[in-house]
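Chemist: Dropping in final.txt, which is compact mmCIF, N, CA, C and O atoms:
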# COMPACT_ATOMS: atom_id res chain seq x y z
N MET Q 1 15.25 55.18 6.10
CA MET Q 1 16.20 54.17 5.72
C MET Q 1 17.55 54.84 5.46
O MET Q 1 17.63 55.84 4.75
N ALA Q 2 18.58 54.31 6.02
CA ALA Q 2 19.90 54.91 5.89
C ALA Q 2 20.60 54.41 4.63
O ALA Q 2 20.42 53.27 4.21
N VAL Q 3 21.41 55.26 4.07
CA VAL Q 3 22.20 54.89 2.90
C VAL Q 3 23.55 54.40 3.39
O VAL Q 3 24.21 55.06 4.18
N GLN Q 4 23.94 53.22 2.92
CA GLN Q 4 25.22 52.65 3.34
C GLN Q 4 26.18 52.59 2.17
O GLN Q 4 25.78 52.57 1.01
N ALA Q 5 27.44 52.50 2.51
CA ALA Q 5 28.46 52.39 1.48
C ALA Q 5 28.36 51.02 0.83
O ALA Q 5 27.94 50.04 1.44
N LYS Q 6 28.78 50.94 -0.42
CA LYS Q 6 28.73 49.69 -1.16
C LYS Q 6 29.74 48.71 -0.58
O LYS Q 6 30.87 49.07 -0.24
N HIS Q 7 29.32 47.44 -0.47
CA HIS Q 7 30.21 46.41 0.08
C HIS Q 7 31.18 45.95 -1.00
O HIS Q 7 30.77 45.56 -2.09
N ASN Q 8 32.44 45.93 -0.67
CA ASN Q 8 33.45 45.51 -1.63
C ASN Q 8 33.89 44.06 -1.41
O ASN Q 8 34.58 43.50 -2.24
N ASP Q 9 33.53 43.48 -0.28
CA ASP Q 9 34.01 42.13 0.06
C ASP Q 9 32.93 41.08 -0.18
O ASP Q 9 32.69 40.23 0.65
N SER Q 10 32.27 41.12 -1.32
CA SER Q 10 31.17 40.18 -1.57
C SER Q 10 31.70 38.76 -1.68
O SER Q 10 32.63 38.47 -2.42
N GLY Q 11 31.11 37.86 -0.89
CA GLY Q 11 31.48 36.45 -0.94
C GLY Q 11 32.69 36.10 -0.12
O GLY Q 11 33.12 34.95 -0.10
N SER Q 12 33.30 37.02 0.56
CA SER Q 12 34.50 36.69 1.33
C SER Q 12 34.17 35.97 2.63
O SER Q 12 35.04 35.35 3.23
N SER Q 13 32.90 36.02 3.07
CA SER Q 13 32.53 35.35 4.32
C SER Q 13 32.27 33.86 4.13
O SER Q 13 32.16 33.13 5.08
N TYR Q 14 32.18 33.41 2.87
CA TYR Q 14 31.92 31.99 2.59
C TYR Q 14 33.23 31.22 2.65
O TYR Q 14 34.22 31.57 2.02
N ASP Q 15 33.22 30.14 3.45
CA ASP Q 15 34.41 29.31 3.61
C ASP Q 15 34.13 27.93 3.05
O ASP Q 15 33.23 27.23 3.53
N MET Q 16 34.85 27.50 2.04
CA MET Q 16 34.62 26.21 1.40
C MET Q 16 34.91 25.03 2.33
O MET Q 16 34.36 23.96 2.17
N SER Q 17 35.78 25.22 3.31
CA SER Q 17 36.12 24.11 4.21
C SER Q 17 34.96 23.77 5.15
O SER Q 17 34.91 22.67 5.68
N ASN Q 18 34.02 24.68 5.36
CA ASN Q 18 32.87 24.43 6.21
C ASN Q 18 31.67 23.90 5.43
O ASN Q 18 30.59 23.76 5.98
N ASP Q 19 31.83 23.63 4.16
CA ASP Q 19 30.74 23.15 3.32
C ASP Q 19 30.44 21.68 3.64
O ASP Q 19 31.20 21.01 4.34
N PHE Q 20 29.32 21.16 3.11
CA PHE Q 20 28.95 19.76 3.33
C PHE Q 20 29.96 18.82 2.69
O PHE Q 20 30.52 19.12 1.64
N THR Q 21 30.14 17.66 3.31
CA THR Q 21 30.92 16.61 2.67
C THR Q 21 30.04 15.94 1.62
O THR Q 21 28.84 16.19 1.54
N THR Q 22 30.63 15.08 0.81
CA THR Q 22 29.87 14.41 -0.24
C THR Q 22 28.76 13.55 0.35
O THR Q 22 27.63 13.55 -0.14
N ASP Q 23 29.07 12.84 1.44
CA ASP Q 23 28.07 11.99 2.09
C ASP Q 23 26.92 12.83 2.65
O ASP Q 23 25.75 12.48 2.50
N GLN Q 24 27.24 13.94 3.29
CA GLN Q 24 26.21 14.81 3.85
C GLN Q 24 25.34 15.39 2.74
O GLN Q 24 24.12 15.49 2.87
N ARG Q 25 25.96 15.77 1.64
CA ARG Q 25 25.22 16.33 0.51
C ARG Q 25 24.26 15.30 -0.09
O ARG Q 25 23.12 15.60 -0.41
N GLN Q 26 24.72 14.03 -0.18
CA GLN Q 26 23.86 12.97 -0.72
C GLN Q 26 22.68 12.69 0.20
O GLN Q 26 21.55 12.53 -0.25
N ARG Q 27 22.95 12.62 1.52
CA ARG Q 27 21.85 12.39 2.47
C ARG Q 27 20.86 13.54 2.45
O ARG Q 27 19.65 13.33 2.50
N PHE Q 28 21.36 14.75 2.37
CA PHE Q 28 20.48 15.92 2.31
C PHE Q 28 19.62 15.85 1.04
O PHE Q 28 18.41 16.13 1.09
N ALA Q 29 20.21 15.47 -0.07
CA ALA Q 29 19.46 15.38 -1.32
C ALA Q 29 18.39 14.30 -1.24
O ALA Q 29 17.27 14.48 -1.72
N GLN Q 30 18.71 13.15 -0.62
CA GLN Q 30 17.71 12.08 -0.48
C GLN Q 30 16.53 12.54 0.35
O GLN Q 30 15.37 12.31 -0.01
N VAL Q 31 16.80 13.18 1.48
CA VAL Q 31 15.72 13.65 2.35
C VAL Q 31 14.90 14.72 1.65
O VAL Q 31 13.66 14.71 1.72
N ALA Q 32 15.57 15.62 0.94
CA ALA Q 32 14.84 16.67 0.23
C ALA Q 32 13.97 16.09 -0.88
O ALA Q 32 12.84 16.54 -1.08
N ASN Q 33 14.47 15.07 -1.57
CA ASN Q 33 13.67 14.45 -2.63
C ASN Q 33 12.46 13.73 -2.06
O ASN Q 33 11.36 13.78 -2.63
N LYS Q 34 12.62 13.03 -0.92
CA LYS Q 34 11.48 12.37 -0.28
C LYS Q 34 10.43 13.39 0.14
O LYS Q 34 9.23 13.18 -0.04
N ALA Q 35 10.88 14.50 0.72
CA ALA Q 35 9.95 15.54 1.15
C ALA Q 35 9.22 16.14 -0.05
O ALA Q 35 8.02 16.43 0.02
N ASP Q 36 9.94 16.32 -1.15
CA ASP Q 36 9.32 16.87 -2.35
C ASP Q 36 8.26 15.92 -2.91
O ASP Q 36 7.18 16.35 -3.31
N LYS Q 37 8.54 14.61 -2.91
CA LYS Q 37 7.57 13.63 -3.38
C LYS Q 37 6.33 13.63 -2.49
O LYS Q 37 5.21 13.57 -2.96
N ARG Q 38 6.54 13.68 -1.16
CA ARG Q 38 5.41 13.71 -0.23
C ARG Q 38 4.57 14.96 -0.46
O ARG Q 38 3.35 14.93 -0.47
N ARG Q 39 5.25 16.09 -0.62
CA ARG Q 39 4.55 17.35 -0.82
C ARG Q 39 3.75 17.30 -2.13
O ARG Q 39 2.60 17.74 -2.17
N TYR Q 40 4.33 16.75 -3.17
CA TYR Q 40 3.63 16.63 -4.44
C TYR Q 40 2.43 15.71 -4.31
O TYR Q 40 1.36 15.99 -4.84
N GLY Q 41 2.58 14.61 -3.57
CA GLY Q 41 1.47 13.70 -3.34
C GLY Q 41 0.34 14.36 -2.58
O GLY Q 41 -0.84 14.14 -2.88
N PHE Q 42 0.67 15.16 -1.59
CA PHE Q 42 -0.37 15.85 -0.83
C PHE Q 42 -1.05 16.92 -1.67
O PHE Q 42 -2.24 17.16 -1.52
N GLU Q 43 -0.32 17.56 -2.57
CA GLU Q 43 -0.94 18.58 -3.42
C GLU Q 43 -1.92 17.94 -4.40
O GLU Q 43 -2.93 18.53 -4.74
N GLN Q 44 -1.62 16.72 -4.85
CA GLN Q 44 -2.46 16.06 -5.83
C GLN Q 44 -3.70 15.42 -5.21
O GLN Q 44 -4.69 15.21 -5.88
N SER Q 45 -3.63 15.06 -3.94
CA SER Q 45 -4.75 14.36 -3.32
C SER Q 45 -5.81 15.35 -2.85
O SER Q 45 -5.56 16.52 -2.63
N SER Q 46 -7.01 14.83 -2.65
CA SER Q 46 -8.12 15.68 -2.22
C SER Q 46 -8.08 15.87 -0.70
O SER Q 46 -7.29 15.25 0.01
N PHE Q 47 -8.96 16.71 -0.22
CA PHE Q 47 -9.03 16.99 1.20
C PHE Q 47 -9.39 15.73 2.00
O PHE Q 47 -8.84 15.48 3.06
N ILE Q 48 -10.29 14.92 1.47
CA ILE Q 48 -10.72 13.69 2.15
C ILE Q 48 -9.54 12.72 2.28
O ILE Q 48 -9.33 12.14 3.33
N GLU Q 49 -8.78 12.58 1.20
CA GLU Q 49 -7.63 11.68 1.24
C GLU Q 49 -6.57 12.17 2.22
O GLU Q 49 -5.96 11.38 2.93
N LYS Q 50 -6.34 13.48 2.27
CA LYS Q 50 -5.38 14.04 3.22
C LYS Q 50 -5.82 13.74 4.65
O LYS Q 50 -5.01 13.36 5.50
N ALA Q 51 -7.11 13.94 4.93
CA ALA Q 51 -7.62 13.70 6.28
C ALA Q 51 -7.51 12.22 6.63
O ALA Q 51 -7.17 11.87 7.76
N LYS Q 52 -7.78 11.35 5.66
CA LYS Q 52 -7.70 9.91 5.91
C LYS Q 52 -6.26 9.49 6.21
O LYS Q 52 -6.01 8.73 7.15
N VAL Q 53 -5.30 9.99 5.43
CA VAL Q 53 -3.90 9.66 5.66
C VAL Q 53 -3.45 10.17 7.03
O VAL Q 53 -2.76 9.47 7.78
N THR Q 54 -3.86 11.38 7.36
CA THR Q 54 -3.47 11.94 8.65
C THR Q 54 -4.10 11.18 9.80
O THR Q 54 -3.46 10.94 10.82
N ALA Q 55 -5.35 10.76 9.65
CA ALA Q 55 -6.04 10.04 10.72
C ALA Q 55 -5.49 8.63 10.91
O ALA Q 55 -5.44 8.12 12.02
N MET Q 56 -5.07 8.00 9.82
CA MET Q 56 -4.58 6.63 9.91
C MET Q 56 -3.11 6.54 10.30
O MET Q 56 -2.62 5.45 10.59
N ARG Q 57 -2.41 7.65 10.34
CA ARG Q 57 -1.00 7.64 10.72
C ARG Q 57 -0.91 7.33 12.22
O ARG Q 57 -1.58 7.96 13.04
N PRO Q 58 -0.11 6.34 12.62
CA PRO Q 58 -0.03 6.00 14.04
C PRO Q 58 0.60 7.13 14.86
O PRO Q 58 1.60 7.71 14.45
N VAL Q 59 -0.01 7.42 15.98
CA VAL Q 59 0.50 8.48 16.85
C VAL Q 59 1.69 7.97 17.63
O VAL Q 59 2.71 8.63 17.75
N ILE Q 60 1.57 6.77 18.13
CA ILE Q 60 2.65 6.16 18.90
C ILE Q 60 3.14 4.95 18.13
O ILE Q 60 2.37 4.09 17.73
N LYS Q 61 4.44 4.88 17.91
CA LYS Q 61 5.00 3.77 17.17
C LYS Q 61 4.98 2.51 18.03
O LYS Q 61 5.30 2.56 19.23
N ARG Q 62 4.58 1.40 17.41
CA ARG Q 62 4.55 0.12 18.13
C ARG Q 62 5.95 -0.44 18.28
O ARG Q 62 6.77 -0.29 17.39
N LYS Q 63 6.16 -1.12 19.38
CA LYS Q 63 7.41 -1.86 19.55
C LYS Q 63 7.20 -3.23 18.91
O LYS Q 63 6.15 -3.84 19.08
N PRO Q 64 8.19 -3.74 18.17
CA PRO Q 64 7.95 -4.91 17.35
C PRO Q 64 7.59 -6.19 18.12
O PRO Q 64 6.80 -6.98 17.63
N ASN Q 65 8.11 -6.41 19.30
CA ASN Q 65 7.87 -7.67 20.00
C ASN Q 65 6.96 -7.51 21.22
O ASN Q 65 7.01 -8.32 22.13
N LYS Q 66 6.15 -6.47 21.25
CA LYS Q 66 5.29 -6.22 22.39
C LYS Q 66 3.83 -6.43 21.98
O LYS Q 66 3.36 -5.82 21.03
N PRO Q 67 3.10 -7.30 22.68
CA PRO Q 67 1.70 -7.52 22.32
C PRO Q 67 0.85 -6.28 22.62
O PRO Q 67 1.18 -5.46 23.46
N ASP Q 68 -0.28 -6.20 21.94
CA ASP Q 68 -1.15 -5.02 22.06
C ASP Q 68 -2.34 -5.29 22.98
O ASP Q 68 -3.48 -5.10 22.58
N HIS Q 69 -2.10 -5.69 24.20
CA HIS Q 69 -3.20 -6.00 25.11
C HIS Q 69 -4.06 -4.78 25.39
O HIS Q 69 -5.29 -4.87 25.44
N ILE Q 70 -3.43 -3.64 25.55
CA ILE Q 70 -4.18 -2.42 25.87
C ILE Q 70 -5.09 -2.04 24.70
O ILE Q 70 -6.24 -1.65 24.88
N ARG Q 71 -4.58 -2.19 23.48
CA ARG Q 71 -5.39 -1.88 22.30
C ARG Q 71 -6.59 -2.82 22.21
O ARG Q 71 -7.69 -2.40 21.91
N TYR Q 72 -6.38 -4.10 22.48
CA TYR Q 72 -7.47 -5.06 22.44
C TYR Q 72 -8.53 -4.72 23.49
O TYR Q 72 -9.72 -4.77 23.22
N VAL Q 73 -8.11 -4.37 24.69
CA VAL Q 73 -9.04 -4.03 25.76
C VAL Q 73 -9.82 -2.77 25.39
O VAL Q 73 -11.04 -2.70 25.60
N ALA Q 74 -9.15 -1.79 24.84
CA ALA Q 74 -9.82 -0.54 24.46
C ALA Q 74 -10.90 -0.80 23.40
O ALA Q 74 -12.02 -0.31 23.51
N TRP Q 75 -10.58 -1.59 22.39
CA TRP Q 75 -11.57 -1.92 21.36
C TRP Q 75 -12.71 -2.75 21.93
O TRP Q 75 -13.86 -2.59 21.52
N LEU Q 76 -12.40 -3.64 22.86
CA LEU Q 76 -13.44 -4.44 23.49
C LEU Q 76 -14.42 -3.55 24.26
O LEU Q 76 -15.63 -3.75 24.20
N VAL Q 77 -13.89 -2.56 24.96
CA VAL Q 77 -14.75 -1.63 25.71
C VAL Q 77 -15.61 -0.82 24.74
O VAL Q 77 -16.81 -0.61 24.98
N VAL Q 78 -15.04 -0.37 23.62
CA VAL Q 78 -15.81 0.40 22.64
C VAL Q 78 -16.93 -0.45 22.05
O VAL Q 78 -18.08 0.00 21.94
N ILE Q 79 -16.61 -1.69 21.68
CA ILE Q 79 -17.63 -2.57 21.10
C ILE Q 79 -18.71 -2.90 22.13
O ILE Q 79 -19.90 -2.93 21.80
N ALA Q 80 -18.31 -3.12 23.38
CA ALA Q 80 -19.29 -3.42 24.42
C ALA Q 80 -20.22 -2.22 24.66
O ALA Q 80 -21.43 -2.39 24.79
N ALA Q 81 -19.66 -1.03 24.70
CA ALA Q 81 -20.48 0.16 24.90
C ALA Q 81 -21.44 0.36 23.73
O ALA Q 81 -22.62 0.69 23.93
N PHE Q 82 -20.97 0.13 22.52
CA PHE Q 82 -21.83 0.26 21.34
C PHE Q 82 -22.95 -0.78 21.37
O PHE Q 82 -24.11 -0.46 21.09
N SER Q 83 -22.63 -2.01 21.71
CA SER Q 83 -23.66 -3.05 21.74
C SER Q 83 -24.68 -2.78 22.85
O SER Q 83 -25.88 -3.02 22.67
N LEU Q 84 -24.24 -2.25 24.00
CA LEU Q 84 -25.19 -1.88 25.04
C LEU Q 84 -26.10 -0.75 24.58
O LEU Q 84 -27.29 -0.73 24.88
N TRP Q 85 -25.55 0.21 23.85
CA TRP Q 85 -26.34 1.30 23.31
C TRP Q 85 -27.39 0.78 22.33
O TRP Q 85 -28.54 1.20 22.37
N VAL Q 86 -26.99 -0.16 21.47
CA VAL Q 86 -27.91 -0.74 20.51
C VAL Q 86 -29.01 -1.50 21.24
O VAL Q 86 -30.20 -1.38 20.91
N MET Q 87 -28.67 -2.26 22.27
CA MET Q 87 -29.67 -3.00 23.05
C MET Q 87 -30.65 -2.05 23.72
O MET Q 87 -31.84 -2.28 23.76
N TYR Q 88 -30.12 -0.93 24.25
CA TYR Q 88 -30.98 0.05 24.92
C TYR Q 88 -31.94 0.72 23.94
O TYR Q 88 -33.10 0.95 24.23
N MET Q 89 -31.41 1.06 22.73
CA MET Q 89 -32.22 1.77 21.75
C MET Q 89 -33.26 0.88 21.08
O MET Q 89 -34.28 1.37 20.60
N THR Q 90 -33.07 -0.43 21.06
CA THR Q 90 -34.04 -1.31 20.40
C THR Q 90 -35.13 -1.81 21.35
O THR Q 90 -36.04 -2.51 20.94
N ARG Q 91 -35.07 -1.47 22.60
CA ARG Q 91 -36.09 -1.90 23.56
C ARG Q 91 -37.35 -1.16 23.40
O ARG Q 91 -37.59 -0.09 23.20
Once you've parsed the file, please lay out its structure as structure tokens.
Modeler:
Amino acid sequence: MAVQAKHNDSGSSYDMSNDFTTDQRQRFAQVANKADKRRYGFEQSSFIEKAKVTAMRPVIKRKPNKPDHIRYVAWLVVIAAFSLWVMYMTR
């Protein structure tokens, strides 16, 4: 490890004009507070609750005025396959 000379210009690289505006600082604080609350909630919850929240979170966001025909068809196929399996196993 090399020995360097002591820096005499401490803090001279910081420029106050490039700092956040008041609005940016408030938005940053809001987002940071939300993240902190979420993190605290996850720390307090059990492993089962974390898995449940993660599993129930939608992967694809729904569009508000679009019907869910594909979702209905997919569930219908799952229910039909399950009922056929039950019929086969009870014979």
Chemist: Nearest residue to Val53 in chain Q out of Q:Lys66, Q:Arg38, Q:Thr90, Q:Ala29, using only C-alpha atoms?
Modeler: Q:Arg38
Chemist: Measure the distance from CA of Ile79 in chain Q to CA of Phe47 in chain Q in Å and round it to one decimal.
Modeler: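 According to the coordinates, CA of Ile79 in chain Q and CA of Phe47 in chain Q are separated by 29.2 Å.
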Chemist: Please report the interatomic distance between CA of Thr21 in chain Q and CA of His7 in chain Q in Å with one decimal.
Modeler: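 Computing the Euclidean distance for CA of Thr21 in chain Q and CA of His7 in chain Q yields 29.9 Å.
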Chemist: In Å to one decimal, how far is CA of Arg57 in chain Q from CA of Ala81 in chain Q?
Modeler: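 Interatomic distance here is 25.2 Å.
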Chemist: Enumerate the residues of chain Q with a DSSP assignment of helix (DSSP H, G or I), computed from the backbone, and present them as a VMD selection string.
Modeler: chain Q and resid 16 to 18 22 to 44 47 to 56 69 to 89
